[in-house]
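Dropping final-v6.txt in here (compact mmCIF, C-alpha atoms and all ligand atoms):
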```
# COMPACT_ATOMS: atom_id res chain seq x y z
CA MET A 1 0.00 0.00 0.00
CA ASP A 2 1.08 3.57 -0.66
CA THR A 3 1.31 4.95 2.88
CA ARG A 4 0.71 8.49 1.67
CA THR A 5 -2.50 7.88 -0.27
CA GLY A 6 -3.69 4.70 1.42
CA LEU A 7 -4.22 3.20 -2.02
CA PRO A 8 -2.93 -0.14 -3.24
CA VAL A 9 -0.02 0.06 -5.68
CA VAL A 10 -0.23 -1.43 -9.17
CA GLY A 11 2.98 -2.55 -10.86
CA MET A 12 3.10 -3.19 -14.59
CA VAL A 13 5.78 -5.35 -16.13
CA GLY A 14 6.86 -3.80 -19.42
CA GLY A 15 7.29 -0.15 -20.28
CA GLY A 16 5.72 0.13 -23.71
CA GLN A 17 2.86 2.31 -24.90
CA LEU A 18 0.26 0.18 -23.14
CA ALA A 19 1.92 0.88 -19.79
CA ARG A 20 2.21 4.53 -20.74
CA MET A 21 -1.50 4.82 -21.42
CA THR A 22 -2.35 2.73 -18.34
CA HIS A 23 -0.40 5.26 -16.32
CA GLN A 24 -2.43 8.03 -17.91
CA ALA A 25 -5.60 6.35 -16.63
CA ALA A 26 -3.98 5.52 -13.28
CA ILE A 27 -3.53 9.22 -12.54
CA SER A 28 -7.31 9.74 -12.33
CA LEU A 29 -7.66 6.84 -9.91
CA GLY A 30 -5.12 8.41 -7.57
CA GLN A 31 -2.50 5.90 -8.61
CA SER A 32 1.07 6.35 -9.68
CA LEU A 33 1.74 3.32 -11.79
CA ARG A 34 5.01 1.52 -11.06
CA VAL A 35 6.66 0.18 -14.16
CA LEU A 36 9.32 -2.44 -14.68
CA ALA A 37 10.99 -1.16 -17.84
CA ALA A 38 13.68 -2.95 -19.81
CA GLY A 39 15.22 0.17 -21.33
CA GLU A 40 15.78 3.76 -20.41
CA HIS A 41 13.80 5.11 -23.34
CA ASP A 42 10.76 2.89 -22.90
CA SER A 43 7.54 4.68 -23.65
CA ALA A 44 6.11 4.39 -20.11
CA GLY A 45 9.47 4.79 -18.44
CA LEU A 46 9.45 8.42 -19.55
CA VAL A 47 6.25 9.25 -17.69
CA ALA A 48 5.27 6.72 -15.01
CA GLY A 49 5.25 7.37 -11.27
CA GLU A 50 8.10 5.12 -10.41
CA VAL A 51 10.23 3.30 -12.91
CA VAL A 52 12.35 0.31 -12.04
CA TYR A 53 14.82 -0.88 -14.62
CA GLY A 54 15.09 -4.60 -15.07
CA HIS A 55 14.38 -7.27 -17.63
CA HIS A 56 11.17 -9.26 -17.68
CA THR A 57 13.14 -12.49 -18.15
CA ASP A 58 15.19 -11.89 -14.98
CA LEU A 59 13.48 -13.63 -12.05
CA GLU A 60 15.30 -11.61 -9.42
CA ALA A 61 14.31 -8.33 -11.10
CA LEU A 62 10.70 -9.50 -11.26
CA ARG A 63 10.72 -10.62 -7.64
CA SER A 64 12.12 -7.43 -6.25
CA PHE A 65 9.67 -5.42 -8.38
CA ALA A 66 6.75 -7.54 -7.12
CA ARG A 67 7.81 -6.99 -3.49
CA GLY A 68 7.16 -3.27 -3.80
CA VAL A 69 3.61 -3.47 -5.17
CA ASP A 70 0.22 -4.93 -4.23
CA VAL A 71 -0.66 -6.34 -7.61
CA VAL A 72 1.45 -7.12 -10.66
CA THR A 73 0.04 -6.82 -14.15
CA PHE A 74 1.58 -6.86 -17.63
CA ASP A 75 1.89 -4.76 -20.78
CA HIS A 76 3.05 -7.75 -22.85
CA GLU A 77 3.05 -11.53 -22.65
CA HIS A 78 6.79 -12.18 -22.68
CA VAL A 79 7.47 -13.02 -19.03
CA PRO A 80 8.56 -16.68 -19.02
CA GLY A 81 5.82 -18.98 -17.73
CA GLU A 82 8.10 -20.60 -15.15
CA HIS A 83 8.86 -17.18 -13.61
CA LEU A 84 5.15 -16.41 -13.41
CA LEU A 85 4.54 -19.69 -11.61
CA THR A 86 7.42 -19.09 -9.20
CA LEU A 87 6.13 -15.64 -8.31
CA ALA A 88 2.55 -16.87 -7.88
CA ASN A 89 3.78 -19.72 -5.64
CA GLU A 90 5.71 -17.21 -3.55
CA GLY A 91 2.41 -15.47 -2.88
CA PHE A 92 2.65 -12.45 -5.16
CA GLN A 93 -0.64 -11.28 -6.64
CA LEU A 94 -0.42 -11.60 -10.44
CA ARG A 95 -3.35 -10.42 -12.54
CA PRO A 96 -3.88 -12.10 -14.89
CA GLY A 97 -2.29 -15.17 -13.32
CA PRO A 98 0.05 -17.76 -14.84
CA TYR A 99 -2.76 -20.12 -15.87
CA ALA A 100 -4.63 -17.49 -17.88
CA LEU A 101 -1.46 -16.01 -19.35
CA SER A 102 -0.24 -19.36 -20.67
CA PHE A 103 -3.03 -19.20 -23.28
CA ALA A 104 -2.00 -15.74 -24.44
CA GLN A 105 1.63 -16.86 -24.66
CA ASP A 106 1.23 -20.08 -26.58
CA LYS A 107 -1.05 -20.31 -29.62
CA LEU A 108 -1.00 -24.10 -29.67
CA LEU A 109 -2.00 -24.34 -26.02
CA MET A 110 -4.70 -21.73 -26.66
CA ARG A 111 -6.11 -23.61 -29.67
CA GLU A 112 -6.13 -26.91 -27.75
CA ARG A 113 -7.80 -25.42 -24.69
CA LEU A 114 -10.43 -23.46 -26.59
CA ALA A 115 -11.24 -26.46 -28.81
CA GLY A 116 -11.53 -28.59 -25.66
CA LEU A 117 -13.99 -26.09 -24.21
CA GLY A 118 -16.01 -26.08 -27.44
CA PHE A 119 -15.15 -22.55 -28.63
CA PRO A 120 -15.08 -22.13 -32.43
CA GLY A 121 -11.70 -21.86 -34.19
CA PRO A 122 -10.01 -23.02 -37.38
CA PRO A 123 -8.84 -26.66 -37.58
CA PHE A 124 -5.18 -26.87 -36.48
CA THR A 125 -2.46 -29.28 -35.50
CA GLU A 126 0.99 -29.20 -33.95
CA VAL A 127 3.94 -29.31 -36.36
CA THR A 128 7.10 -31.20 -35.48
CA GLY A 129 8.09 -31.99 -39.07
CA VAL A 130 7.13 -31.17 -42.67
CA GLU A 131 5.03 -34.34 -42.78
CA ASP A 132 2.60 -32.94 -40.21
CA VAL A 133 1.73 -30.08 -42.53
CA LEU A 134 1.48 -32.28 -45.62
CA LYS A 135 -0.83 -34.69 -43.82
CA PHE A 136 -2.93 -31.87 -42.40
CA ALA A 137 -3.27 -30.17 -45.80
CA ASP A 138 -4.09 -33.48 -47.50
CA ALA A 139 -6.99 -33.91 -45.14
CA ARG A 140 -8.10 -30.27 -44.88
CA GLY A 141 -6.86 -28.79 -48.16
CA TRP A 142 -4.46 -26.02 -49.13
CA PRO A 143 -3.78 -23.20 -48.47
CA VAL A 144 -2.80 -23.26 -44.81
CA VAL A 145 -1.20 -20.90 -42.33
CA LEU A 146 1.90 -21.89 -40.40
CA LYS A 147 2.43 -20.12 -37.07
CA ALA A 148 5.06 -19.87 -34.40
CA ALA A 149 3.29 -21.08 -31.25
CA ARG A 150 5.24 -18.60 -29.14
CA GLY A 151 6.91 -15.25 -29.56
CA GLY A 152 5.04 -13.94 -32.64
CA TYR A 153 3.47 -10.48 -32.85
CA ASP A 154 2.20 -8.08 -35.52
CA GLY A 155 2.21 -10.86 -38.13
CA LYS A 156 5.81 -11.87 -37.39
CA GLY A 157 5.63 -15.62 -36.87
CA VAL A 158 2.75 -16.13 -39.32
CA TRP A 159 3.55 -17.72 -42.71
CA PRO A 160 0.92 -18.47 -45.39
CA LEU A 161 1.76 -21.72 -47.20
CA ASP A 162 0.20 -22.50 -50.59
CA SER A 163 1.83 -25.79 -51.51
CA PRO A 164 3.94 -28.75 -50.32
CA ASP A 165 6.97 -26.93 -51.78
CA ASP A 166 6.31 -23.91 -49.57
CA ALA A 167 6.17 -26.22 -46.56
CA ARG A 168 9.39 -28.03 -47.48
CA GLY A 169 11.16 -24.75 -48.14
CA LEU A 170 10.34 -23.15 -44.79
CA ILE A 171 9.67 -25.64 -42.02
CA PRO A 172 13.05 -27.42 -41.58
CA GLU A 173 14.91 -24.18 -40.92
CA LEU A 174 12.27 -22.96 -38.44
CA LEU A 175 12.38 -26.24 -36.55
CA GLU A 176 16.15 -26.16 -36.61
CA ALA A 177 16.04 -22.75 -34.96
CA GLY A 178 13.83 -24.25 -32.23
CA THR A 179 10.59 -22.46 -33.22
CA PRO A 180 7.56 -24.35 -31.88
CA LEU A 181 5.01 -24.54 -34.71
CA LEU A 182 1.37 -25.18 -35.48
CA VAL A 183 -0.55 -25.17 -38.72
CA GLU A 184 -4.11 -23.97 -39.31
CA THR A 185 -6.55 -23.95 -42.19
CA ARG A 186 -6.39 -20.62 -44.03
CA VAL A 187 -9.75 -19.11 -43.24
CA THR A 188 -11.79 -17.37 -45.92
CA MET A 189 -13.15 -14.44 -44.00
CA ARG A 190 -15.36 -11.45 -44.55
CA ARG A 191 -13.34 -9.39 -42.12
CA GLU A 192 -11.59 -9.40 -38.76
CA LEU A 193 -13.32 -8.35 -35.55
CA SER A 194 -12.23 -7.87 -31.99
CA ALA A 195 -14.36 -8.50 -28.93
CA LEU A 196 -12.86 -6.63 -26.01
CA VAL A 197 -14.00 -7.46 -22.49
CA ALA A 198 -12.78 -7.08 -18.94
CA ARG A 199 -13.15 -9.41 -16.00
CA SER A 200 -12.45 -8.78 -12.33
CA PRO A 201 -11.28 -11.41 -9.83
CA PHE A 202 -14.68 -11.00 -8.16
CA GLY A 203 -16.11 -12.37 -11.40
CA GLN A 204 -17.71 -9.25 -12.86
CA GLY A 205 -17.52 -9.01 -16.63
CA ALA A 206 -18.00 -6.08 -19.01
CA ALA A 207 -17.98 -6.02 -22.80
CA TRP A 208 -17.36 -3.09 -25.13
CA PRO A 209 -19.06 -2.82 -28.51
CA VAL A 210 -17.46 -5.25 -30.99
CA VAL A 211 -15.10 -3.54 -33.44
CA GLU A 212 -13.76 -4.22 -36.92
CA THR A 213 -9.98 -4.32 -37.23
CA VAL A 214 -8.19 -3.70 -40.53
CA GLN A 215 -4.64 -4.99 -40.98
CA SER A 216 -1.98 -4.29 -43.51
CA ALA A 217 1.00 -6.65 -43.80
CA GLY A 218 -0.01 -8.29 -40.51
CA ILE A 219 -0.16 -5.00 -38.57
CA ASN A 220 -3.40 -3.50 -37.36
CA THR A 221 -3.76 -0.12 -39.01
CA GLU A 222 -7.38 0.89 -38.46
CA VAL A 223 -10.20 0.10 -36.05
CA LEU A 224 -13.87 0.89 -36.61
CA ALA A 225 -16.02 1.09 -33.50
CA PRO A 226 -18.61 -0.29 -33.65
CA ALA A 227 -18.03 -2.81 -36.48
CA PRO A 228 -20.15 -1.42 -39.36
CA GLY A 229 -23.19 -3.51 -40.22
CA LEU A 230 -22.61 -6.14 -37.56
CA THR A 231 -26.02 -7.47 -36.58
CA ALA A 232 -27.17 -7.24 -32.97
CA ARG A 233 -27.20 -11.04 -32.86
CA ARG A 234 -23.59 -11.35 -34.06
CA THR A 235 -22.49 -8.63 -31.67
CA GLN A 236 -24.10 -10.43 -28.76
CA GLU A 237 -22.58 -13.72 -29.91
CA ALA A 238 -19.07 -12.20 -30.03
CA GLN A 239 -19.45 -10.52 -26.63
CA ASP A 240 -20.79 -13.71 -25.03
CA LEU A 241 -17.96 -15.70 -26.54
CA ALA A 242 -15.34 -13.31 -25.16
CA LEU A 243 -16.95 -13.16 -21.70
CA ARG A 244 -17.19 -16.94 -21.54
CA ILE A 245 -13.53 -17.29 -22.58
CA ALA A 246 -12.53 -14.78 -19.90
CA GLU A 247 -14.37 -16.83 -17.31
CA SER A 248 -13.22 -20.25 -18.53
CA LEU A 249 -9.57 -19.18 -18.52
CA ASP A 250 -9.86 -17.21 -15.27
CA VAL A 251 -8.72 -13.93 -16.81
CA ALA A 252 -8.31 -10.86 -14.60
CA GLY A 253 -8.05 -7.58 -16.51
CA VAL A 254 -8.76 -6.77 -20.13
CA LEU A 255 -9.08 -9.61 -22.64
CA ALA A 256 -9.08 -9.03 -26.39
CA VAL A 257 -10.52 -11.87 -28.45
CA GLU A 258 -9.49 -11.44 -32.08
CA LEU A 259 -12.11 -12.99 -34.33
CA PHE A 260 -12.61 -13.92 -37.97
CA GLU A 261 -16.09 -13.27 -39.32
CA THR A 262 -16.87 -15.95 -41.91
CA ASP A 263 -20.01 -16.90 -43.82
CA GLY A 264 -20.42 -19.76 -41.37
CA GLY A 265 -20.02 -17.68 -38.19
CA LEU A 266 -17.28 -16.46 -35.87
CA LEU A 267 -13.91 -18.13 -35.32
CA VAL A 268 -11.41 -17.22 -32.62
CA ASN A 269 -8.01 -16.18 -33.96
CA GLU A 270 -6.00 -15.01 -30.96
CA LEU A 271 -6.21 -13.85 -27.35
CA ALA A 272 -4.45 -10.94 -25.66
CA MET A 273 -4.75 -10.47 -21.89
CA ARG A 274 -3.98 -6.80 -21.51
CA PRO A 275 -5.13 -3.55 -23.08
CA HIS A 276 -5.01 -4.05 -26.84
CA ASN A 277 -4.59 -2.05 -30.02
CA SER A 278 -8.20 -2.86 -30.93
CA GLY A 279 -9.28 -0.99 -27.78
CA HIS A 280 -7.39 2.27 -28.27
CA TRP A 281 -10.61 3.86 -29.56
CA THR A 282 -12.08 3.54 -26.03
CA MET A 283 -9.83 6.37 -24.82
CA ASP A 284 -12.14 8.83 -26.56
CA GLY A 285 -15.15 6.87 -27.77
CA SER A 286 -16.28 4.91 -24.72
CA ALA A 287 -17.60 5.75 -21.27
CA THR A 288 -14.63 3.89 -19.74
CA SER A 289 -11.30 3.45 -21.49
CA GLN A 290 -9.69 0.03 -21.66
CA PHE A 291 -6.78 1.36 -19.59
CA GLU A 292 -8.93 2.49 -16.70
CA GLN A 293 -10.93 -0.73 -16.96
CA HIS A 294 -7.79 -2.82 -16.82
CA LEU A 295 -6.77 -1.03 -13.62
CA ARG A 296 -10.22 -1.38 -12.10
CA ALA A 297 -10.19 -5.09 -12.93
CA VAL A 298 -6.74 -5.84 -11.53
CA LEU A 299 -7.62 -3.85 -8.38
CA ASP A 300 -10.90 -5.78 -8.16
CA TYR A 301 -12.94 -2.58 -8.24
CA PRO A 302 -16.39 -2.63 -9.85
CA LEU A 303 -16.01 -2.21 -13.61
CA GLY A 304 -16.94 0.94 -15.50
CA ALA A 305 -19.67 1.45 -18.09
CA THR A 306 -18.60 0.32 -21.55
CA GLU A 307 -21.12 1.99 -23.78
CA LEU A 308 -20.20 3.90 -26.87
CA LEU A 309 -20.13 7.69 -26.48
CA SER A 310 -19.67 8.08 -30.21
CA PRO A 311 -18.71 5.89 -33.13
CA THR A 312 -14.93 6.17 -33.47
CA VAL A 313 -12.23 5.51 -36.05
CA MET A 314 -8.76 4.71 -34.74
CA ALA A 315 -5.75 4.83 -37.04
CA ASN A 316 -2.26 3.76 -36.01
CA VAL A 317 0.68 6.08 -36.62
CA LEU A 318 3.39 3.79 -38.02
CA GLY A 319 6.97 4.94 -38.55
CA ALA A 320 7.86 5.86 -42.16
CA ALA A 321 10.48 3.89 -44.11
CA THR A 322 12.64 7.00 -43.92
CA PRO A 323 11.81 9.49 -41.17
CA PRO A 324 10.83 12.76 -42.84
CA ALA A 325 12.97 15.88 -42.57
CA MET A 326 10.10 17.86 -41.03
CA ARG A 327 10.28 17.72 -37.24
CA PRO A 328 7.47 15.88 -35.39
CA ASP A 329 6.61 19.13 -33.66
CA GLU A 330 5.98 20.87 -36.94
CA ARG A 331 3.92 17.94 -38.19
CA LEU A 332 1.69 18.21 -35.13
CA HIS A 333 1.35 21.92 -35.71
CA HIS A 334 0.12 21.39 -39.26
CA LEU A 335 -2.11 18.50 -38.28
CA PHE A 336 -3.88 20.57 -35.65
CA ALA A 337 -4.21 23.45 -38.08
CA ARG A 338 -5.94 21.27 -40.63
CA PHE A 339 -7.95 18.93 -38.36
CA PRO A 340 -8.70 20.49 -34.96
CA ASP A 341 -10.94 17.57 -34.00
CA VAL A 342 -8.33 14.82 -34.33
CA ARG A 343 -7.45 13.27 -30.97
CA VAL A 344 -3.77 12.50 -30.94
CA HIS A 345 -2.10 9.90 -28.74
CA LEU A 346 1.66 9.78 -29.17
CA TYR A 347 3.87 7.30 -27.36
CA GLY A 348 7.06 9.33 -26.94
CA LYS A 349 9.10 6.90 -29.04
CA GLY A 350 11.93 7.46 -31.46
CA GLU A 351 10.97 7.03 -35.11
CA ARG A 352 11.75 3.73 -36.78
CA PRO A 353 10.25 2.17 -39.91
CA GLY A 354 6.95 0.43 -39.15
CA ARG A 355 7.14 1.16 -35.41
CA LYS A 356 3.89 1.99 -33.61
CA LEU A 357 4.53 5.63 -32.69
CA GLY A 358 1.01 6.60 -31.71
CA HIS A 359 -2.58 6.58 -32.85
CA VAL A 360 -5.33 9.03 -33.65
CA ASN A 361 -9.02 8.79 -32.81
CA LEU A 362 -11.76 10.55 -34.71
CA LEU A 363 -15.29 10.66 -33.38
CA GLY A 364 -18.39 10.79 -35.55
CA GLU A 365 -20.48 8.79 -37.93
CA LEU A 366 -18.31 6.13 -39.62
CA THR A 367 -18.45 7.62 -43.11
CA PRO A 368 -15.77 7.07 -45.78
CA ARG A 369 -14.84 10.73 -45.19
CA LEU A 370 -14.17 10.17 -41.48
CA ARG A 371 -12.07 7.08 -42.22
CA GLU A 372 -10.14 8.97 -44.84
CA LYS A 373 -9.50 11.80 -42.41
CA ALA A 374 -8.10 9.38 -39.82
CA ARG A 375 -5.91 7.76 -42.44
CA LEU A 376 -4.65 11.13 -43.69
CA ALA A 377 -3.91 12.32 -40.14
CA ALA A 378 -2.04 9.16 -39.13
CA HIS A 379 -0.01 9.12 -42.33
CA TRP A 380 0.80 12.81 -42.03
CA LEU A 381 2.12 12.37 -38.49
CA SER A 382 4.66 9.75 -39.51
CA HIS A 383 5.42 10.78 -43.10
CA ALA A 384 4.88 14.56 -43.26
CA GLU A 385 2.97 13.91 -46.44
CA TRP A 386 -0.73 14.48 -47.15
CA LEU A 387 -1.93 11.52 -49.18
CA ASP A 388 -4.66 13.65 -50.78
CA GLY A 389 -2.25 16.29 -52.09
CA TYR A 390 -3.29 18.98 -49.58
CA GLU A 391 -0.73 21.75 -49.47
CA ILE A 392 -0.05 23.12 -46.04
CA HIS A 393 0.40 26.71 -47.10
CA ARG A 394 -2.37 26.83 -49.65
CA GLY A 395 -5.08 24.68 -48.13
CA GLU A 396 -7.38 22.20 -49.80
CA ARG A 397 -6.99 21.74 -53.59
P1 LIG A 401 0.05 -12.10 -34.45
O1 LIG A 401 0.31 -12.85 -33.18
O2 LIG A 401 1.28 -11.73 -35.17
O3 LIG A 401 -0.95 -11.00 -34.29
P2 LIG A 401 -2.08 -13.67 -35.67
O4 LIG A 401 -2.21 -15.11 -35.32
O5 LIG A 401 -3.08 -12.73 -35.08
O6 LIG A 401 -0.60 -13.20 -35.40
O7 LIG A 401 -2.13 -13.51 -37.24
C1 LIG A 401 -1.86 -12.28 -37.89
C2 LIG A 401 -2.81 -12.09 -39.07
O8 LIG A 401 -2.66 -13.18 -40.00
C3 LIG A 401 -4.27 -12.12 -38.66
O9 LIG A 401 -4.70 -10.86 -38.23
C4 LIG A 401 -4.93 -12.56 -39.96
O10 LIG A 401 -5.04 -11.46 -40.85
C5 LIG A 401 -3.94 -13.53 -40.54
N1 LIG A 401 -4.27 -14.92 -40.13
C6 LIG A 401 -3.88 -15.53 -39.00
N2 LIG A 401 -4.39 -16.79 -38.92
C7 LIG A 401 -5.09 -16.98 -40.04
C8 LIG A 401 -5.86 -18.08 -40.56
N3 LIG A 401 -5.96 -19.25 -39.93
N4 LIG A 401 -6.48 -17.89 -41.76
C9 LIG A 401 -6.38 -16.73 -42.44
N5 LIG A 401 -5.67 -15.67 -42.00
C10 LIG A 401 -5.03 -15.78 -40.82
```
File written out as structure tokens:
Amino acid sequence: MDTRTGLPVVGMVGGGQLARMTHQAAISLGQSLRVLAAGEHDSAGLVAGEVVYGHHTDLEALRSFARGVDVVTFDHEHVPGEHLLTLANEGFQLRPGPYALSFAQDKLLMRERLAGLGFPGPPFTEVTGVEDVLKFADARGWPVVLKAARGGYDGKGVWPLDSPDDARGLIPELLEAGTPLLVETRVTMRRELSALVARSPFGQGAAWPVVETVQSAGINTEVLAPAPGLTARRTQEAQDLALRIAESLDVAGVLAVELFETDGGLLVNELAMRPHNSGHWTMDGSATSQFEQHLRAVLDYPLGATELLSPTVMANVLGAATPPAMRPDERLHHLFARFPDVRVHLYGKGERPGRKLGHVNLLGELTPRLREKARLAAHWLSHAEWLDGYEIHRGER
């Protein structure tokens, strides 16, 4: 407990943008988030209440961090499972706990568990040799998707395979490098959705409106809240599914269930047990943001209202291939001059190609114009280039 405020102390392992934005929400709850950051320039390390430097794979660093807080939570899923178990056995309060987190860390384990519980997902099997993929594809058909069971993110660790030759060309070297693999049917989908929910240790659950997520080269670039045209029945189905998964896996905190919408119904793609890119819109578009909700959940407070305040488009600001000559400060200046209603969330990171540097939210009816505006704004912030040819000193053409 913080002896000054009398409030419990939350510690977050990982100092990325999710911790940064959790800290932002923590301020309103009277908290000063403690962060275990790996590097000096970590996004949350620059702003959080108390920053401890240490690596999330170092048990001693984790233990001494956990000693100083009432509850430990996470901004990523990279803490080794055996460390999580050790800490839990030593009596530290981890939320979510090691059992829940194992399913966010390992896609094969997740597929097996969800299939065992009867949740819908694509057919899959473990891969320990090329033959496993050939046999699977013989039975289920090509094309398939090969995945690293652990350690993948933003499409890294996901390989579409179209033929036996693709499989033979790729799998031996991955196995040689020690990558644990699984293969799945390549799903023909209408689009990707995300069902974001929160669950408290008390057992309360709350679901936000279901959103559509748009990816480019495996990275989420745009989120539409709520998912346009999704029927009330489908929405309810997705929310129920996510709430039931949260309960079955004993999740504490925010859970994002990434879904494929197909002609035959919904399939689960992936789980994340922390605030998630698909929930960044909630910072401006929902009664309670995912960051505040995550804190409420890990503190076992009653959860906040999740209704939509306004439809929202979120667009990620991704680092340009070559950082532009124009300073970020000047880009912001021009952005605000052109679009005063854009809500900007920057992560305080150095620019690198493809890196998630921030996001923008735009509130209003989800028209093509609003989506275009979000896309223009996000691209401008990282590239200093207006995709529609707008000239900053002459205005709209
Ligand atoms: P990551 O952990 O990198 O986010 P995912 O498992 O979510 O990896 O896959 C990244 C993207 O690859 C998904 O958003 C989806 O577009 C595509 N994908 C993944 N699995 C399948 C599948 N079985 N069928 C079709 N596309 C898939």
At a cut-off of 9 Å around ligand LIG 401 (chain A), and using all atoms listed in the file, what residues come up? Please write them as a PDB file with C-alpha atoms, in the frame of the given file.
```
ATOM      1  CA  LYS A 107      -1.050 -20.310 -29.620  1.00  0.00           C
ATOM      2  CA  GLY A 121     -11.700 -21.860 -34.190  1.00  0.00           C
ATOM      3  CA  PRO A 122     -10.010 -23.020 -37.380  1.00  0.00           C
ATOM      4  CA  PRO A 123      -8.840 -26.660 -37.580  1.00  0.00           C
ATOM      5  CA  PHE A 124      -5.180 -26.870 -36.480  1.00  0.00           C
ATOM      6  CA  PRO A 143      -3.780 -23.200 -48.470  1.00  0.00           C
ATOM      7  CA  VAL A 144      -2.800 -23.260 -44.810  1.00  0.00           C
ATOM      8  CA  VAL A 145      -1.200 -20.900 -42.330  1.00  0.00           C
ATOM      9  CA  LEU A 146       1.900 -21.890 -40.400  1.00  0.00           C
ATOM     10  CA  LYS A 147       2.430 -20.120 -37.070  1.00  0.00           C
ATOM     11  CA  ALA A 148       5.060 -19.870 -34.400  1.00  0.00           C
ATOM     12  CA  ALA A 149       3.290 -21.080 -31.250  1.00  0.00           C
ATOM     13  CA  ARG A 150       5.240 -18.600 -29.140  1.00  0.00           C
ATOM     14  CA  GLY A 151       6.910 -15.250 -29.560  1.00  0.00           C
ATOM     15  CA  GLY A 152       5.040 -13.940 -32.640  1.00  0.00           C
ATOM     16  CA  TYR A 153       3.470 -10.480 -32.850  1.00  0.00           C
ATOM     17  CA  ASP A 154       2.200  -8.080 -35.520  1.00  0.00           C
ATOM     18  CA  GLY A 155       2.210 -10.860 -38.130  1.00  0.00           C
ATOM     19  CA  LYS A 156       5.810 -11.870 -37.390  1.00  0.00           C
ATOM     20  CA  GLY A 157       5.630 -15.620 -36.870  1.00  0.00           C
ATOM     21  CA  VAL A 158       2.750 -16.130 -39.320  1.00  0.00           C
ATOM     22  CA  TRP A 159       3.550 -17.720 -42.710  1.00  0.00           C
ATOM     23  CA  PRO A 160       0.920 -18.470 -45.390  1.00  0.00           C
ATOM     24  CA  VAL A 183      -0.550 -25.170 -38.720  1.00  0.00           C
ATOM     25  CA  GLU A 184      -4.110 -23.970 -39.310  1.00  0.00           C
ATOM     26  CA  THR A 185      -6.550 -23.950 -42.190  1.00  0.00           C
ATOM     27  CA  ARG A 186      -6.390 -20.620 -44.030  1.00  0.00           C
ATOM     28  CA  VAL A 187      -9.750 -19.110 -43.240  1.00  0.00           C
ATOM     29  CA  THR A 188     -11.790 -17.370 -45.920  1.00  0.00           C
ATOM     30  CA  MET A 189     -13.150 -14.440 -44.000  1.00  0.00           C
ATOM     31  CA  ARG A 191     -13.340  -9.390 -42.120  1.00  0.00           C
ATOM     32  CA  GLU A 192     -11.590  -9.400 -38.760  1.00  0.00           C
ATOM     33  CA  THR A 213      -9.980  -4.320 -37.230  1.00  0.00           C
ATOM     34  CA  VAL A 214      -8.190  -3.700 -40.530  1.00  0.00           C
ATOM     35  CA  GLN A 215      -4.640  -4.990 -40.980  1.00  0.00           C
ATOM     36  CA  SER A 216      -1.980  -4.290 -43.510  1.00  0.00           C
ATOM     37  CA  ALA A 217       1.000  -6.650 -43.800  1.00  0.00           C
ATOM     38  CA  GLY A 218      -0.010  -8.290 -40.510  1.00  0.00           C
ATOM     39  CA  ILE A 219      -0.160  -5.000 -38.570  1.00  0.00           C
ATOM     40  CA  ASN A 220      -3.400  -3.500 -37.360  1.00  0.00           C
ATOM     41  CA  GLU A 258      -9.490 -11.440 -32.080  1.00  0.00           C
ATOM     42  CA  LEU A 259     -12.110 -12.990 -34.330  1.00  0.00           C
ATOM     43  CA  PHE A 260     -12.610 -13.920 -37.970  1.00  0.00           C
ATOM     44  CA  ASN A 269      -8.010 -16.180 -33.960  1.00  0.00           C
ATOM     45  CA  GLU A 270      -6.000 -15.010 -30.960  1.00  0.00           C
ATOM     46  CA  LEU A 271      -6.210 -13.850 -27.350  1.00  0.00           C
TER      47      LEU A 271
END
```
Query - Shell of 7 Å around range 163-167 of chain A, all atoms listed in the file, local chain residues under 6 positions omitted, as a PyMOL selection string - result: chain A and resi 130+134+142-143
Query raised in the report: Taking all atoms listed in the file into account, which of A:Thr282, A:Ala104, A:Arg327, A:His383 comes nearest Arg343 in chain A?
Result: A:Thr282
Query raised in the report: CA of Met12 in chain A and CA of Thr73 in chain A, how far apart in Å?
Result: 4.8 Å
Report task. Using all atoms listed in the file, determine which residues lie at most 12 Å from Arg355 in chain A, disregarding the query and same-chain residues fewer than 4 positions distant; provide the list as an MDAnalysis selection string. Result -> chainID A and resid 16:17 154 219:221 316:323 346:351 359 382
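If you measure from each of A:Gly285, A:Val197, A:Ala227, A:Val268 to Arg111 in chain A using all atoms listed in the file, the closest one turns out to be A:Val268.
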Requested in this report: Using all atoms listed in the file, determine which residues lie at most 8 Å from His294 in chain A, disregarding the query and same-chain residues fewer than 2 positions distant; provide the list as a list in words.
Outcome: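 So, after excluding close chain neighbours, the residues are Thr22, Ala198, Gly253, Val254, Arg274, Pro275, Gln290, Phe291, Glu292, Arg296, Ala297 and Val298 of chain A.
The space between CA of Tyr390 in chain A and CA of Trp281 in chain A spans 26.1 Å.
Within the 9 Å cut-off around range 242-247 of chain A, using all atoms listed in the file and omitting residues fewer than 6 positions from it on the same chain, the listed residues are A:Ala100, A:Leu114, A:Leu117, A:Phe119, A:Ala195, A:Leu196, A:Val197, A:Ala198, A:Arg199, A:Gly203, A:Gly205, A:Ala206, A:Ala207, A:Val254, A:Leu255, A:Ala256, A:Val257.
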Query raised in the report: Which polymer residues have any atom within 7 Å of an atom of Gly81 in chain A, counting only C-alpha atoms, with same-chain residues fewer than 3 positions away left out, as a VMD selection string?
Result: chain A and resid 84 to 85 98 102
Report summary line: Between CA of Pro302 in chain A and CA of Pro8 in chain A lies a distance of 15.2 Å
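Distance check against Gly354 in chain A using all atoms listed in the file: of A:Gly45, A:Arg234, A:His379, A:Gly15, the minimum falls on A:His379.
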Query raised in the report: Closest to Ala225 in chain A among A:Pro180, A:Gly364, A:Gly264, A:Gly129, using only C-alpha atoms?
Result: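 For Ala225 in chain A, the nearest of the candidates is A:Gly364.
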